[in-house]
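Asks: Right, I'll just put the structure down here and ask away after.
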Protein chains: 2
Amino acid sequence: MRRSTNAAVSVPARAAIPDVKTRKQQLVREIIWDAATSLFAEKGYDETTVDEIAQAAGVSPRSCFRYFASKSDIMAYSLVSFAEQLIAAVDACPKSWTVREVFHKMMTQVAQDAVNHPRSQRVFGIVKNWPEAAAAQSTRMADAQAMVSGAFEKRIPKNSTARLAAAVLGGLAIQMTGVTIRWCIERKQSDVEAAVNETLATFGQLFSSPGRTETSCHDR
Amino acid sequence: MRRSTNAAVSVPARAAIPDVKTRKQQLVREIIWDAATSLFAEKGYDETTVDEIAQAAGVSPRSCFRYFASKSDIMAYSLVSFAEQLIAAVDACPKSWTVREVFHKMMTQVAQDAVNHPRSQRVFGIVKNWPEAAAAQSTRMADAQAMVSGAFEKRIPKNSTARLAAAVLGGLAIQMTGVTIRWCIERKQSDVEAAVNETLATFGQLFSSPGRTETSCHDR
DNA sequence: ATTCTAGTTGGCAGCCTCTGCCATTGTCAA
DNA sequence: TTGACAATGGCAGAGGCTGCCAACTAGAAT
């Protein structure tokens, strides 16, 4: 669509450019995010202005809004990344697995990564100490849920009423994995899989009917 | 603490005052909320300024911020009310019921009320048409979840790891009931209980393991 | 009826978030 | 060197939100 010259010479060079450009942008984004979360952790979310973030990151305030749609979007960046990790874990599972198995694998894998990354601990600390930060983050919760739900929907029969219930699965995935990670971080528990099993088991017991998970609608 | 005169005469009158005052405030709040949601539904969330809301409600913009902490709080007002309805429904259930039974009763009752109220339909319409409104509403999602989770926590054994999983129950309650209500409104289905059964059943089938809900950690 | 008092409201100044616009800078290729 | 083109910075302005003070209102005491 652009550049009408013969592609013979320009393509090899041109093929690399988008990649470099994208990675450059990603770098700046990370720098801004890093500066912002440091300040949030130190003095609070509301108390930090984007002017301060920009100064700490070494860019103009105007540029901050080129990399993030809003101040709350900086905070929500980690949530979206989190959702993307969950999706990747879901997509990596064999097609033959049940939803329950996929859910278990997803939780352990993502939680294991998160617990070991200092980045996660910083975010959890901010959210824990400043409620406004949690509110800012949840601004993108609907998107994150929809994204993760989409990953699960690919695995269930189409044209089924199950798709309705599957919409809930995204939110459940984010919340349960988040709870498990917080649990592990706060008690410095390194056996993530055990924590996942426990969370999943207690939830299953809690939510199921006393005897069994009878659905009683075999003909619907 | 205030008013050192004998309380004999002033108490009877004084006892009624807080109630009248509170109801007055509640009235103004509802007027503002009504004006705001009308405008949101008509021309969008971002496109509506609080100056316009104030004018439509017949108060000053300054007063709007006395009744609602922020513009997004006006939008989130319905979510908090929704959570309060869920809590009331949960608290009304006999103590002997299982979590599953309580969950079912809560969903049917609140969904039934919501489907019949035009107010709910207006809110669902706004959220459906303008994503920014959904984002504004989810600003209070963490609070709402915590509130509903608290209602469930009163019903499970204390000092148990189940409290961890119970934290998820609040979010699940809000989401599943919301999905069911939307389902009923969009298809103009009046048999709410049938919709609840279907949502709950499909979700149970989806999330449970193929054979049974084995937890496989009897000794932990 | 008048005065006192407390609570409610409106208006104003000012900070912060966010956006459109334009000038400047940096970079790569011809 | 020169000519694109993307990235950046600065600036003005709208809208969200708050602290402060003056004006108004309603009940209580006199």
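By convention in this document, the chains of the structure tokens carry letters A, B, ... by their order, each chain's residues are numbered from 1, and ligands are numbered from 1 in the order they are shown.
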Give me the chain C side of the contact with chain A, cut-off 10 Å, one line per residue showing its nearest atom pair and distance in Å at one decimal, counting only C-alpha atoms (C1' of nucleotides), sorted by chain and residue number, as a Markdown table.
Replies:
```
| residue | atom | partner | partner_atom | distance |
| --- | --- | --- | --- | --- |
| C:DC16 | C1' | A:Thr49 | CA | 7.5 |
| C:DT17 | C1' | A:Lys71 | CA | 7.9 |
| C:DC18 | C1' | A:Ser70 | CA | 7.4 |
| C:DT19 | C1' | A:Phe65 | CA | 9.3 |
```
Asks: Please produce an output containing N, CA and C atoms (P, O5', C5', C4', C3', O3' and C1' of nucleotides) for each residue in the selection, written as a PDB file, in the first residue's frame.
Replies:
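Result file part10.pdb:
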```pdb
ATOM      1  P    DC C  16      -1.017  19.441  40.756  1.00  0.00           P
ATOM      2  O5'  DC C  16      -1.885  18.415  39.916  1.00  0.00           O
ATOM      3  C5'  DC C  16      -2.794  17.549  40.593  1.00  0.00           C
ATOM      4  C4'  DC C  16      -3.619  16.813  39.566  1.00  0.00           C
ATOM      5  C3'  DC C  16      -2.806  16.212  38.404  1.00  0.00           C
ATOM      6  O3'  DC C  16      -3.105  14.835  38.287  1.00  0.00           O
ATOM      7  C1'  DC C  16      -4.653  17.464  37.598  1.00  0.00           C
ATOM      8  P    DT C  17      -2.291  13.894  37.274  1.00  0.00           P
ATOM      9  O5'  DT C  17      -3.394  13.482  36.195  1.00  0.00           O
ATOM     10  C5'  DT C  17      -4.669  13.035  36.626  1.00  0.00           C
ATOM     11  C4'  DT C  17      -5.630  13.029  35.464  1.00  0.00           C
ATOM     12  C3'  DT C  17      -5.125  12.306  34.210  1.00  0.00           C
ATOM     13  O3'  DT C  17      -6.159  11.463  33.734  1.00  0.00           O
ATOM     14  C1'  DT C  17      -5.856  14.487  33.650  1.00  0.00           C
ATOM     15  P    DC C  18      -5.783  10.313  32.626  1.00  0.00           P
ATOM     16  O5'  DC C  18      -5.983  11.087  31.254  1.00  0.00           O
ATOM     17  C5'  DC C  18      -7.312  11.486  30.906  1.00  0.00           C
ATOM     18  C4'  DC C  18      -7.274  12.428  29.719  1.00  0.00           C
ATOM     19  C3'  DC C  18      -6.493  11.931  28.480  1.00  0.00           C
ATOM     20  O3'  DC C  18      -7.435  11.654  27.452  1.00  0.00           O
ATOM     21  C1'  DC C  18      -6.190  14.247  28.891  1.00  0.00           C
ATOM     22  P    DT C  19      -6.953  11.181  26.000  1.00  0.00           P
ATOM     23  O5'  DT C  19      -7.033  12.529  25.152  1.00  0.00           O
ATOM     24  C5'  DT C  19      -8.239  13.277  25.160  1.00  0.00           C
ATOM     25  C4'  DT C  19      -8.133  14.415  24.159  1.00  0.00           C
ATOM     26  C3'  DT C  19      -7.441  14.030  22.838  1.00  0.00           C
ATOM     27  O3'  DT C  19      -8.240  14.511  21.759  1.00  0.00           O
ATOM     28  C1'  DT C  19      -6.385  15.921  23.800  1.00  0.00           C
TER      29       DT C  19
END
```
Asks: Show me, as an NGL selection string, the residues of chain D whose atoms get within 9 Å of chain A, using only C-alpha atoms (C1' of nucleotides) for the distance check.
Replies: :D and (8-10)
Asks: Please produce a file of those selected residues containing N, CA and C atoms (P, O5', C5', C4', C3', O3' and C1' of nucleotides), as a CSV table (one decimal), in the first residue's frame.
Replies:
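Output saved as selection-v4.csv:
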```csv
chain,number,residue,atom,x,y,z
D,8,DT,P,9.1,8.7,21.1
D,8,DT,O5',9.2,10.2,21.4
D,8,DT,C5',10.4,10.9,21.2
D,8,DT,C4',10.3,12.4,21.3
D,8,DT,C3',9.5,12.9,22.5
D,8,DT,O3',10.4,13.5,23.4
D,8,DT,C1',8.9,14.1,20.6
D,9,DG,P,10.0,14.0,24.9
D,9,DG,O5',9.7,15.5,24.6
D,9,DG,C5',10.6,16.3,23.9
D,9,DG,C4',10.1,17.7,23.7
D,9,DG,C3',9.4,18.2,25.0
D,9,DG,O3',9.9,19.5,25.2
D,9,DG,C1',8.0,18.4,23.1
D,10,DG,P,9.4,20.3,26.5
D,10,DG,O5',8.4,21.4,26.0
D,10,DG,C5',8.8,22.2,24.8
D,10,DG,C4',7.6,23.1,24.4
D,10,DG,C3',6.8,23.7,25.5
D,10,DG,O3',6.6,25.0,25.2
D,10,DG,C1',5.4,22.4,24.1
```
Asks: Find the residues around Gly58 of chain A up to 10 Å (only C-alpha atoms (C1' of nucleotides) counted), leave out those fewer than 5 positions away in its own chain, and share them as an MDAnalysis selection string.
Replies: chainID A and resid 28 31:32 35 52:53
Asks: Check every residue of chain A for an atom within 9 Å of chain B, counting only C-alpha atoms, and provide those that qualify as a CSV table (one decimal) with C-alpha atoms, in the first residue's frame.
Replies:
```
chain,number,residue,atom,x,y,z
A,98,THR,CA,-10.9,-30.9,29.9
A,99,VAL,CA,-11.6,-27.4,31.0
A,100,ARG,CA,-10.8,-28.4,34.6
A,101,GLU,CA,-7.4,-29.8,33.5
A,103,PHE,CA,-7.6,-24.5,34.4
A,131,PRO,CA,-7.2,1.1,47.0
A,132,GLU,CA,-7.3,3.8,44.3
A,134,ALA,CA,-6.8,-1.3,42.6
A,135,ALA,CA,-9.7,0.7,41.2
A,136,ALA,CA,-7.5,2.1,38.4
A,137,GLN,CA,-6.4,-1.4,37.5
A,138,SER,CA,-9.9,-2.8,37.5
A,139,THR,CA,-10.7,-0.3,34.8
A,140,ARG,CA,-9.5,-2.9,32.3
A,141,MET,CA,-10.9,-5.9,34.1
A,142,ALA,CA,-13.8,-6.3,31.6
A,156,ILE,CA,-16.0,-25.8,24.2
A,161,THR,CA,-25.5,-22.5,26.0
A,162,ALA,CA,-22.2,-23.4,27.6
A,163,ARG,CA,-20.7,-20.3,25.9
A,164,LEU,CA,-22.8,-18.3,28.3
A,165,ALA,CA,-21.4,-19.8,31.3
A,166,ALA,CA,-17.9,-19.8,29.7
A,167,ALA,CA,-18.1,-16.0,29.8
A,168,VAL,CA,-17.7,-16.3,33.6
A,169,LEU,CA,-14.6,-18.5,33.2
A,171,GLY,CA,-13.1,-13.7,35.5
A,172,LEU,CA,-12.8,-16.8,37.5
A,175,GLN,CA,-9.4,-14.0,40.3
A,176,MET,CA,-8.4,-17.5,41.4
A,179,VAL,CA,-5.7,-15.1,45.0
A,180,THR,CA,-3.3,-18.0,44.8
A,183,TRP,CA,-1.4,-16.3,49.1
A,197,ASN,CA,-4.5,-27.7,44.4
A,198,GLU,CA,-5.7,-26.3,47.7
A,199,THR,CA,-7.5,-23.3,46.2
A,200,LEU,CA,-9.1,-25.4,43.6
A,201,ALA,CA,-10.1,-28.1,45.9
A,202,THR,CA,-11.6,-25.9,48.6
A,203,PHE,CA,-13.4,-23.9,45.9
A,204,GLY,CA,-14.8,-27.1,44.4
A,205,GLN,CA,-16.0,-28.4,47.7
A,206,LEU,CA,-17.5,-25.0,48.6
A,207,PHE,CA,-19.4,-24.5,45.4
A,208,SER,CA,-20.5,-28.0,44.7
A,209,SER,CA,-23.7,-29.4,46.1
A,210,PRO,CA,-23.2,-31.5,49.3
A,212,ARG,CA,-22.2,-34.5,44.1
A,213,THR,CA,-22.3,-32.0,41.2
A,214,GLU,CA,-25.6,-33.4,39.8
A,215,THR,CA,-26.9,-31.1,37.1
A,216,SER,CA,-30.2,-32.9,36.6
A,217,CYS,CA,-30.8,-31.7,33.1
A,220,ARG,CA,-32.2,-30.0,28.0
```
Asks: How many Å separate atom CA of Cys184 of chain B from atom CA of Ala92 of chain B?
Replies: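 Interatomic distance, atom CA of Cys184 of chain B to atom CA of Ala92 of chain B: 24.0 Å.
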Asks: Find the residues around DT25 of chain D up to 10 Å (only C-alpha atoms (C1' of nucleotides) counted), leave out those fewer than 2 positions away in its own chain, and share them as a PyMOL selection string.
Replies: (chain C and resi 7-9) or (chain D and resi 23+27)
Asks: If you keep N, CA and C atoms (P, O5', C5', C4', C3', O3' and C1' of nucleotides), can you produce a file of those selected residues as a PDB file, in the first residue's frame?
Replies:
```pdb
ATOM      1  P    DG C   7     -24.423  20.252  62.146  1.00  0.00           P
ATOM      2  O5'  DG C   7     -25.157  19.894  60.781  1.00  0.00           O
ATOM      3  C5'  DG C   7     -26.581  19.788  60.763  1.00  0.00           C
ATOM      4  C4'  DG C   7     -27.093  20.186  59.399  1.00  0.00           C
ATOM      5  C3'  DG C   7     -26.252  19.625  58.235  1.00  0.00           C
ATOM      6  O3'  DG C   7     -27.117  19.037  57.284  1.00  0.00           O
ATOM      7  C1'  DG C   7     -26.527  21.956  57.997  1.00  0.00           C
ATOM      8  P    DT C   8     -26.524  18.318  55.962  1.00  0.00           P
ATOM      9  O5'  DT C   8     -26.877  19.363  54.818  1.00  0.00           O
ATOM     10  C5'  DT C   8     -28.195  19.882  54.739  1.00  0.00           C
ATOM     11  C4'  DT C   8     -28.293  20.821  53.553  1.00  0.00           C
ATOM     12  C3'  DT C   8     -27.544  20.344  52.301  1.00  0.00           C
ATOM     13  O3'  DT C   8     -28.417  20.441  51.182  1.00  0.00           O
ATOM     14  C1'  DT C   8     -26.889  22.548  52.865  1.00  0.00           C
ATOM     15  P    DT C   9     -27.932  19.999  49.708  1.00  0.00           P
ATOM     16  O5'  DT C   9     -27.499  21.372  49.060  1.00  0.00           O
ATOM     17  C5'  DT C   9     -28.450  22.436  48.955  1.00  0.00           C
ATOM     18  C4'  DT C   9     -27.780  23.701  48.471  1.00  0.00           C
ATOM     19  C3'  DT C   9     -26.987  23.551  47.163  1.00  0.00           C
ATOM     20  O3'  DT C   9     -27.676  24.239  46.134  1.00  0.00           O
ATOM     21  C1'  DT C   9     -25.819  24.860  48.795  1.00  0.00           C
TER      22       DT C   9
ATOM     23  P    DA D  23     -22.323  36.987  51.394  1.00  0.00           P
ATOM     24  O5'  DA D  23     -23.506  35.976  51.068  1.00  0.00           O
ATOM     25  C5'  DA D  23     -23.673  35.533  49.724  1.00  0.00           C
ATOM     26  C4'  DA D  23     -24.798  34.530  49.679  1.00  0.00           C
ATOM     27  C3'  DA D  23     -26.047  34.955  50.448  1.00  0.00           C
ATOM     28  O3'  DA D  23     -27.195  34.775  49.613  1.00  0.00           O
ATOM     29  C1'  DA D  23     -25.329  32.811  51.170  1.00  0.00           C
ATOM     30  P    DG D  27     -38.035  22.532  59.411  1.00  0.00           P
ATOM     31  O5'  DG D  27     -37.678  22.436  60.965  1.00  0.00           O
ATOM     32  C5'  DG D  27     -36.701  21.508  61.390  1.00  0.00           C
ATOM     33  C4'  DG D  27     -35.938  22.069  62.572  1.00  0.00           C
ATOM     34  C3'  DG D  27     -36.784  22.288  63.836  1.00  0.00           C
ATOM     35  O3'  DG D  27     -36.141  21.682  64.942  1.00  0.00           O
ATOM     36  C1'  DG D  27     -35.545  24.230  63.323  1.00  0.00           C
TER      37       DG D  27
END
```
Asks: Measuring between only C-alpha atoms, which one of A:Leu27, A:Val90, A:Ala36, A:Ala133 shows the shortest distance to Glu153 of chain A?
Replies: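 Going through A:Leu27, A:Val90, A:Ala36, A:Ala133 one by one, the smallest distance to Glu153 of chain A is for A:Val90.
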Asks: So how many Å separate atom CA of Arg122 of chain B and atom CA of Tyr45 of chain B, to one decimal?
Replies: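 That distance, rounded to one decimal, is 13.0 Å.
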Asks: Would you list, as a VMD selection string, the residues of segment 63-220 of chain B that end up in helix (DSSP H, G or I) under DSSP run on this structure's backbone?
Replies: chain B and resid 63 to 67 71 to 91 99 to 116 118 to 129 131 to 153 162 to 186 192 to 207
Asks: If you measure from atom CA of Ala89 of chain B to atom CA of Gln145 of chain B, what distance in Å do you get, rounded to one decimal?
Replies: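 About the pair atom CA of Ala89 of chain B and atom CA of Gln145 of chain B: they are 14.9 Å apart.
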Asks: Would you pick out the contacts of DC12 of chain C at 12 Å or less, using only C-alpha atoms (C1' of nucleotides), so that residues sharing its chain but fewer than 6 positions from it are not included, and give the list as a tab-separated table (two decimals) with N, CA and C atoms (P, O5', C5', C4', C3', O3' and C1' of nucleotides), in the first residue's frame?
Replies:
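This went into result.tsv:
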```
chain	number	residue	atom	x	y	z
B	62	ARG	N	-21.04	21.61	41.83
B	62	ARG	CA	-20.35	21.38	43.11
B	62	ARG	C	-21.10	20.40	44.00
D	18	DT	P	-12.77	15.00	44.65
D	18	DT	O5'	-12.12	16.39	45.09
D	18	DT	C5'	-10.72	16.55	45.02
D	18	DT	C4'	-10.32	17.81	45.75
D	18	DT	C3'	-11.04	18.03	47.08
D	18	DT	O3'	-10.07	18.45	48.05
D	18	DT	C1'	-11.34	19.91	45.68
D	19	DG	P	-10.47	18.51	49.58
D	19	DG	O5'	-10.12	20.03	49.92
D	19	DG	C5'	-8.90	20.59	49.42
D	19	DG	C4'	-8.88	22.09	49.65
D	19	DG	C3'	-9.44	22.54	51.00
D	19	DG	O3'	-8.66	23.63	51.48
D	19	DG	C1'	-10.71	23.50	49.25
D	20	DC	P	-8.99	24.25	52.93
D	20	DC	O5'	-9.82	25.57	52.58
D	20	DC	C5'	-9.32	26.47	51.60
D	20	DC	C4'	-10.35	27.54	51.32
D	20	DC	C3'	-11.12	28.02	52.55
D	20	DC	O3'	-10.96	29.42	52.69
D	20	DC	C1'	-12.59	27.55	50.74
D	21	DC	P	-11.36	30.12	54.08
D	21	DC	O5'	-12.61	31.01	53.66
D	21	DC	C5'	-12.52	31.81	52.49
D	21	DC	C4'	-13.91	32.15	51.99
D	21	DC	C3'	-14.87	32.66	53.07
D	21	DC	O3'	-15.49	33.84	52.60
D	21	DC	C1'	-15.89	30.96	51.81
D	22	DA	P	-16.20	34.84	53.62
D	22	DA	O5'	-17.56	35.16	52.86
D	22	DA	C5'	-17.54	35.42	51.47
D	22	DA	C4'	-18.90	35.11	50.88
D	22	DA	C3'	-20.07	35.66	51.70
D	22	DA	O3'	-21.04	36.23	50.83
D	22	DA	C1'	-20.32	33.33	51.44
```
Asks: Within 10 Å of DC21 of chain C, counting only C-alpha atoms (C1' of nucleotides), which residues qualify if same-chain residues fewer than 2 places away don't, as a PDB file with N, CA and C atoms (P, O5', C5', C4', C3', O3' and C1' of nucleotides), in the first residue's frame?
Replies:
```pdb
ATOM      1  P    DT C  19      -6.953  11.181  26.000  1.00  0.00           P
ATOM      2  O5'  DT C  19      -7.033  12.529  25.152  1.00  0.00           O
ATOM      3  C5'  DT C  19      -8.239  13.277  25.160  1.00  0.00           C
ATOM      4  C4'  DT C  19      -8.133  14.415  24.159  1.00  0.00           C
ATOM      5  C3'  DT C  19      -7.441  14.030  22.838  1.00  0.00           C
ATOM      6  O3'  DT C  19      -8.240  14.511  21.759  1.00  0.00           O
ATOM      7  C1'  DT C  19      -6.385  15.921  23.800  1.00  0.00           C
ATOM      8  P    DA C  23       3.716  25.383  12.731  1.00  0.00           P
ATOM      9  O5'  DA C  23       5.093  25.336  13.518  1.00  0.00           O
ATOM     10  C5'  DA C  23       5.195  25.985  14.780  1.00  0.00           C
ATOM     11  C4'  DA C  23       6.366  25.408  15.548  1.00  0.00           C
ATOM     12  C3'  DA C  23       7.647  25.268  14.711  1.00  0.00           C
ATOM     13  O3'  DA C  23       8.765  25.664  15.493  1.00  0.00           O
ATOM     14  C1'  DA C  23       7.012  23.159  15.561  1.00  0.00           C
TER      15       DA C  23
ATOM     16  P    DC D  11       5.917  26.006  26.254  1.00  0.00           P
ATOM     17  O5'  DC D  11       4.463  26.273  25.673  1.00  0.00           O
ATOM     18  C5'  DC D  11       4.277  26.382  24.256  1.00  0.00           C
ATOM     19  C4'  DC D  11       2.800  26.435  23.943  1.00  0.00           C
ATOM     20  C3'  DC D  11       1.951  26.953  25.098  1.00  0.00           C
ATOM     21  O3'  DC D  11       1.013  27.900  24.619  1.00  0.00           O
ATOM     22  C1'  DC D  11       1.137  24.864  24.363  1.00  0.00           C
ATOM     23  P    DA D  12       0.285  28.889  25.595  1.00  0.00           P
ATOM     24  O5'  DA D  12      -1.239  28.736  25.162  1.00  0.00           O
ATOM     25  C5'  DA D  12      -1.563  28.572  23.773  1.00  0.00           C
ATOM     26  C4'  DA D  12      -2.857  27.813  23.632  1.00  0.00           C
ATOM     27  C3'  DA D  12      -3.935  28.240  24.634  1.00  0.00           C
ATOM     28  O3'  DA D  12      -5.181  28.358  23.961  1.00  0.00           O
ATOM     29  C1'  DA D  12      -3.585  25.915  24.788  1.00  0.00           C
TER      30       DA D  12
END
```
